[in-house]
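Data from run_22.tsv: TSV, C-alpha atoms
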chain	number	residue	atom	x	y	z
A	155	MET	CA	144.39	136.92	102.79
A	156	ARG	CA	141.56	138.78	101.05
A	157	LEU	CA	138.94	140.67	103.09
A	158	MET	CA	135.26	140.41	102.12
A	159	SER	CA	133.15	143.49	101.43
A	160	GLY	CA	130.22	144.26	103.76
A	161	ALA	CA	127.72	142.75	101.28
A	162	ALA	CA	129.77	139.58	100.84
A	163	THR	CA	130.06	139.22	104.62
A	164	ALA	CA	126.28	139.56	105.00
A	165	VAL	CA	125.67	136.90	102.31
A	166	ALA	CA	128.16	134.55	103.96
A	167	ALA	CA	126.54	135.06	107.37
A	168	GLY	CA	123.08	134.43	105.86
A	169	ALA	CA	124.32	131.20	104.28
A	170	LEU	CA	125.56	130.04	107.68
A	171	VAL	CA	122.16	130.73	109.25
A	172	MET	CA	120.31	128.88	106.47
A	173	THR	CA	122.50	125.79	106.80
A	174	ALA	CA	122.76	125.74	110.58
A	175	ALA	CA	120.81	123.18	112.61
A	176	PRO	CA	117.17	124.19	113.26
A	177	ALA	CA	116.53	126.38	116.28
A	178	HIS	CA	114.56	125.12	119.25
A	179	ALA	CA	110.83	124.66	118.86
A	180	THR	CA	108.34	127.24	120.02
A	181	SER	CA	105.93	125.79	122.57
A	182	ALA	CA	103.43	126.65	125.27
A	183	SER	CA	101.26	124.78	127.72
A	184	THR	CA	98.52	125.48	130.24
A	185	SER	CA	96.79	123.20	132.75
A	186	VAL	CA	93.62	123.22	134.80
A	187	GLY	CA	92.71	120.95	137.72
A	188	ILE	CA	89.29	119.34	137.72
A	189	PRO	CA	87.19	117.73	140.49
A	190	GLY	CA	88.27	114.16	141.25
A	191	GLY	CA	91.99	114.98	141.03
A	192	ASN	CA	92.38	114.84	137.25
A	193	LYS	CA	94.04	117.57	135.21
A	194	ILE	CA	93.51	118.87	131.66
A	195	THR	CA	96.66	120.11	129.88
A	196	ILE	CA	96.64	122.04	126.60
A	197	ASN	CA	99.85	122.05	124.53
A	198	ALA	CA	100.93	124.04	121.45
A	199	TRP	CA	104.15	123.43	119.51
A	200	HIS	CA	105.68	124.42	116.17
A	201	CYS	CA	109.13	124.56	114.65
A	202	GLY	CA	111.39	127.39	115.74
A	203	PHE	CA	113.00	127.76	112.31
A	204	TYR	CA	111.76	127.03	108.81
A	205	VAL	CA	112.61	127.74	105.20
A	206	THR	CA	109.50	126.55	103.33
A	207	ALA	CA	107.51	124.50	105.85
A	208	CYS	CA	107.00	124.21	109.60
A	209	ASP	CA	105.72	121.16	111.50
A	210	TRP	CA	103.12	121.79	114.22
A	211	LYS	CA	101.42	119.80	116.99
A	212	ALA	CA	98.67	120.60	119.48
A	213	SER	CA	96.91	118.54	122.11
A	214	THR	CA	94.39	118.50	124.90
A	215	LYS	CA	95.21	115.74	127.39
A	216	MET	CA	93.53	114.52	130.56
A	217	SER	CA	95.71	112.94	133.23
A	218	GLY	CA	94.48	111.07	136.27
A	219	THR	CA	92.23	108.09	136.84
A	220	ASN	CA	89.02	109.53	138.30
A	221	PRO	CA	87.54	108.96	135.72
A	222	ARG	CA	89.98	107.20	133.38
A	223	LYS	CA	88.45	108.75	130.22
A	224	ALA	CA	86.38	111.81	129.41
A	225	LYS	CA	82.99	111.56	127.70
A	226	TRP	CA	84.58	113.81	125.07
A	227	ILE	CA	87.75	115.89	124.81
A	228	GLN	CA	88.41	118.47	122.11
A	229	ASN	CA	91.32	120.40	120.68
A	230	ARG	CA	90.82	123.49	118.51
A	231	THR	CA	93.98	124.97	117.05
A	232	GLU	CA	94.46	128.27	115.24
A	233	LEU	CA	97.48	128.35	112.92
A	234	ALA	CA	98.51	131.74	111.57
A	235	ALA	CA	101.09	133.45	109.38
A	236	HIS	CA	102.00	136.97	110.48
A	237	GLY	CA	103.37	139.84	108.40
A	238	VAL	CA	102.32	141.96	105.43
A	239	SER	CA	100.51	140.27	102.52
A	240	VAL	CA	100.90	136.74	103.94
A	241	SER	CA	99.23	133.40	103.29
A	242	ILE	CA	99.42	129.93	104.76
A	243	THR	CA	98.73	126.38	103.60
A	244	ILE	CA	97.99	123.84	106.34
A	245	SER	CA	98.01	120.05	106.46
A	246	LYS	CA	96.46	118.10	109.36
A	247	ASN	CA	95.81	114.59	110.65
A	248	PRO	CA	92.99	112.75	108.83
A	249	GLU	CA	90.42	112.67	111.67
A	250	ALA	CA	90.56	116.45	112.24
A	251	THR	CA	88.67	119.13	110.29
A	252	LEU	CA	90.35	122.19	108.76
A	253	THR	CA	88.55	125.49	108.21
A	254	MET	CA	90.40	128.38	106.58
A	255	LYS	CA	89.24	131.58	108.33
A	256	SER	CA	91.33	133.79	105.99
A	257	ARG	CA	94.37	133.49	103.68
A	258	SER	CA	96.63	133.66	106.73
A	259	LEU	CA	94.58	131.86	109.43
A	260	GLY	CA	93.36	128.28	109.59
A	261	GLU	CA	91.54	126.37	112.34
A	262	VAL	CA	92.00	122.64	112.94
A	263	ARG	CA	89.49	120.91	115.24
A	264	TRP	CA	89.10	117.38	116.57
A	265	LYS	CA	86.67	116.11	119.20
A	266	ASN	CA	87.53	112.64	120.50
A	267	THR	CA	84.94	110.61	122.45
A	268	ASN	CA	85.52	108.23	125.36
A	269	ALA	CA	89.19	109.22	125.43
A	270	LYS	CA	91.95	110.94	127.42
A	271	ILE	CA	93.47	112.91	124.52
A	272	SER	CA	92.64	114.90	121.44
A	273	ASP	CA	95.80	115.67	119.52
A	274	THR	CA	96.27	117.31	116.15
A	275	TYR	CA	99.36	117.74	114.00
A	276	GLY	CA	100.51	118.66	110.55
A	277	GLN	CA	102.56	121.15	108.63
A	278	MET	CA	102.27	124.87	107.87
A	279	LYS	CA	103.64	126.32	104.65
A	280	PRO	CA	103.75	130.11	105.04
A	281	GLY	CA	103.80	132.23	101.90
A	282	GLY	CA	104.19	135.87	100.97
A	283	SER	CA	106.33	137.92	103.32
A	284	THR	CA	105.60	135.95	106.49
A	285	THR	CA	107.72	137.16	109.40
A	286	TYR	CA	106.62	134.43	111.84
A	287	VAL	CA	103.96	131.77	112.45
A	288	SER	CA	101.92	131.05	115.56
A	289	THR	CA	100.00	128.15	117.05
A	290	LYS	CA	97.12	128.76	119.47
A	291	SER	CA	95.90	125.48	120.96
A	292	CYS	CA	92.58	125.50	122.84
A	293	GLY	CA	91.07	122.58	124.71
A	294	SER	CA	87.76	121.72	126.32
A	295	ALA	CA	86.16	118.57	127.66
A	296	LYS	CA	83.07	116.97	129.10
A	297	VAL	CA	84.63	114.72	131.72
A	298	THR	CA	81.40	113.38	133.26
A	299	SER	CA	77.78	114.41	132.91
A	300	SER	CA	78.34	116.94	135.72
A	301	ILE	CA	81.96	118.05	135.04
A	302	LYS	CA	82.63	120.17	131.96
A	303	VAL	CA	85.88	122.05	131.29
A	304	SER	CA	85.36	125.28	129.34
A	305	GLU	CA	87.88	126.19	126.65
A	306	LYS	CA	91.39	127.10	127.85
A	307	CYS	CA	94.23	128.07	125.48
A	308	ALA	CA	98.01	128.02	125.12
A	309	TYR	CA	99.73	130.35	122.60
A	310	ALA	CA	103.09	129.61	120.94
A	311	GLY	CA	104.43	132.44	118.81
A	312	ALA	CA	105.78	135.97	119.00
A	313	ALA	CA	103.81	138.26	121.29

Serialized structure, C-alpha cells:
Amino acid sequence: MRLMSGAATAVAAGALVMTAAPAHATSASTSVGIPGGNKITINAWHCGFYVTACDWKASTKMSGTNPRKAKWIQNRTELAAHGVSVSITISKNPEATLTMKSRSLGEVRWKNTNAKISDTYGQMKPGGSTTYVSTKSCGSAKVTSSIKVSEKCAYAGAA
C-alpha cells in the first residue's frame, strides 16, 4: 500500500467535494399579516453549491381569501456575487426586468396585477474570485385601495 503525499491527499479530497451531490439550498422567508386575515410571504432561494452556475428563485405570495387577489403584488430581488474582483451574469424569467447595479450586483423586478403571486427565477453565473452568492428577495403589494404592504425582505446568503 502506497501513502499519498499531503498535496495528493488535498487534491483527492477536492475531487471528492467537486463530484459529491450538491449541498442543500440556501433559503430564507419572512411573512407579514394583513387586515382581513391574509398573509404576505417573501421567499428567497438559491443553490447551496455550484461550480459555474447557480439556480435562484424568489417570490412574494399572498395567502388567504379576503380578498382572493391583490390589486398588484411585486417582487424585487437583488442577486450578488461576493469576494474580491467579482462579477456576475444573471438570467431571469421573461416577464421580469433586470437592471445591473454593478458588475457584481443585479436587480430583478416583476410587478404582477390582479394576482396572488409575483415570482422570479433564473440562474446566476458568478465570475472572478467569487467566494459566495446571495439572494435578497423583497416584496410589496397593494391588496385593496386602502391596504398597502410596504416592502419587506428575506436574505439568503452568508452573513

Next item on the list: Calculate how many Å separate CA of His200 in chain A from CA of Arg263 in chain A, rounding to one decimal.
Entry: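 Interatomic distance here is 16.6 Å.
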
Notebook entry, point to check: So what do you get for CA of Thr289 in chain A versus CA of Asn266 in chain A, distance-wise?
Noted result: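 Computing it gives 20.2 Å between the two atoms.
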
Margin query: I'd like the interatomic distance between CA of Gly237 in chain A and CA of Gly281 in chain A, to a tenth of an Å.
Written below: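 Separation between CA of Gly237 in chain A and CA of Gly281 in chain A: 10.0 Å.
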
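Residues with any atom within 10 Å of Thr253 in chain A, counting all atoms listed in the file and excluding same-chain neighbours fewer than 5 positions away, are Glu232, Ile244, Leu259, Gly260, Glu261, Val262 and Arg263 of chain A.
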
Note to self: Let me make sure I understand: among A:Ala295, A:Ala207, A:Ala250, A:Cys201, which one has the smallest atom-to-atom distance to Ile227 in chain A if we use all atoms listed in the file?
What the structure shows: A:Ala295

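Residues with at least one atom no more than 8 Å from (103.4, 129.4, 119.8), using only C-alpha atoms, are Thr180, Ser181, Ala182, Ala198, Trp199, His200, Val287, Ser288, Thr289, Lys290, Ala308, Tyr309, Ala310, Gly311 and Ala312 of chain A.
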
Preceding selection exported with C-alpha atoms as a tab-separated table (two decimals), in the coordinates of the input:
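Saved the output as result00.tsv:
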chain	number	residue	atom	x	y	z
A	180	THR	CA	108.34	127.24	120.02
A	181	SER	CA	105.93	125.79	122.57
A	182	ALA	CA	103.43	126.65	125.27
A	198	ALA	CA	100.93	124.04	121.45
A	199	TRP	CA	104.15	123.43	119.51
A	200	HIS	CA	105.68	124.42	116.17
A	287	VAL	CA	103.96	131.77	112.45
A	288	SER	CA	101.92	131.05	115.56
A	289	THR	CA	100.00	128.15	117.05
A	290	LYS	CA	97.12	128.76	119.47
A	308	ALA	CA	98.01	128.02	125.12
A	309	TYR	CA	99.73	130.35	122.60
A	310	ALA	CA	103.09	129.61	120.94
A	311	GLY	CA	104.43	132.44	118.81
A	312	ALA	CA	105.78	135.97	119.00

Item checked: Nearest to Thr231 in chain A, chosen from A:Thr298, A:Ser304, A:Thr219, A:Asn197, with all atoms listed in the file counted in the distances -> A:Asn197

Spatial neighbours of Thr243 in chain A, max dist 10 Å, all atoms listed in the file, sep filter under 3 positions, as a PDB file with C-alpha atoms, in the coordinates of the input:
ATOM      1  CA  ALA A 207     107.510 124.500 105.850  1.00  0.00           C
ATOM      2  CA  LEU A 233      97.480 128.350 112.920  1.00  0.00           C
ATOM      3  CA  ALA A 234      98.510 131.740 111.570  1.00  0.00           C
ATOM      4  CA  ALA A 235     101.090 133.450 109.380  1.00  0.00           C
ATOM      5  CA  MET A 254      90.400 128.380 106.580  1.00  0.00           C
ATOM      6  CA  ARG A 257      94.370 133.490 103.680  1.00  0.00           C
ATOM      7  CA  SER A 258      96.630 133.660 106.730  1.00  0.00           C
ATOM      8  CA  LEU A 259      94.580 131.860 109.430  1.00  0.00           C
ATOM      9  CA  GLY A 260      93.360 128.280 109.590  1.00  0.00           C
ATOM     10  CA  GLN A 277     102.560 121.150 108.630  1.00  0.00           C
ATOM     11  CA  MET A 278     102.270 124.870 107.870  1.00  0.00           C
ATOM     12  CA  LYS A 279     103.640 126.320 104.650  1.00  0.00           C
ATOM     13  CA  PRO A 280     103.750 130.110 105.040  1.00  0.00           C
ATOM     14  CA  GLY A 281     103.800 132.230 101.900  1.00  0.00           C
TER      15      GLY A 281
END

Write out as JSON an axis-aligned box for range 283-289 of chain A: all of its atoms listed in the file, 4 Å added on each side, centre and edge lengths in Å with one decimal.
{"center_x": 103.9, "center_y": 133.0, "center_z": 110.2, "size_x": 15.7, "size_y": 17.8, "size_z": 21.7}

Checklist line | Expected answer as a list in words: all residues with atoms within 9 Å of (101.4, 119.0, 110.1), only C-alpha atoms | finding: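 These residues have at least one counted atom within 9 Å: Cys208, Asp209, Trp210, Lys211, Ile244, Ser245, Lys246, Asn247, Thr274, Tyr275, Gly276, Gln277 and Met278 of chain A.
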
Next item on the list: Give the answer as one residue: which of A:Ala212, A:Ala224, A:Val303, A:Val205 has the shortest atom-to-atom distance to Trp264 in chain A, using all atoms listed in the file?
Entry: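 Closest candidate: A:Ala212.
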
Next item on the list: Give the answer as one residue: which of A:Lys296, A:Gly218, A:His236, A:Ser291 has the shortest atom-to-atom distance to Asp273 in chain A, using only C-alpha atoms?
Entry: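 Going through A:Lys296, A:Gly218, A:His236, A:Ser291 one by one, the smallest distance to Asp273 in chain A is for A:Ser291.
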
Notebook entry, point to check: Using all atoms listed in the file, which residues sit within 6 Å of Gly293 in chain A once same-chain residues fewer than 4 positions away are excluded, as a PyMOL selection string?
Noted result: chain A and resi 196+214+228-229+305-306
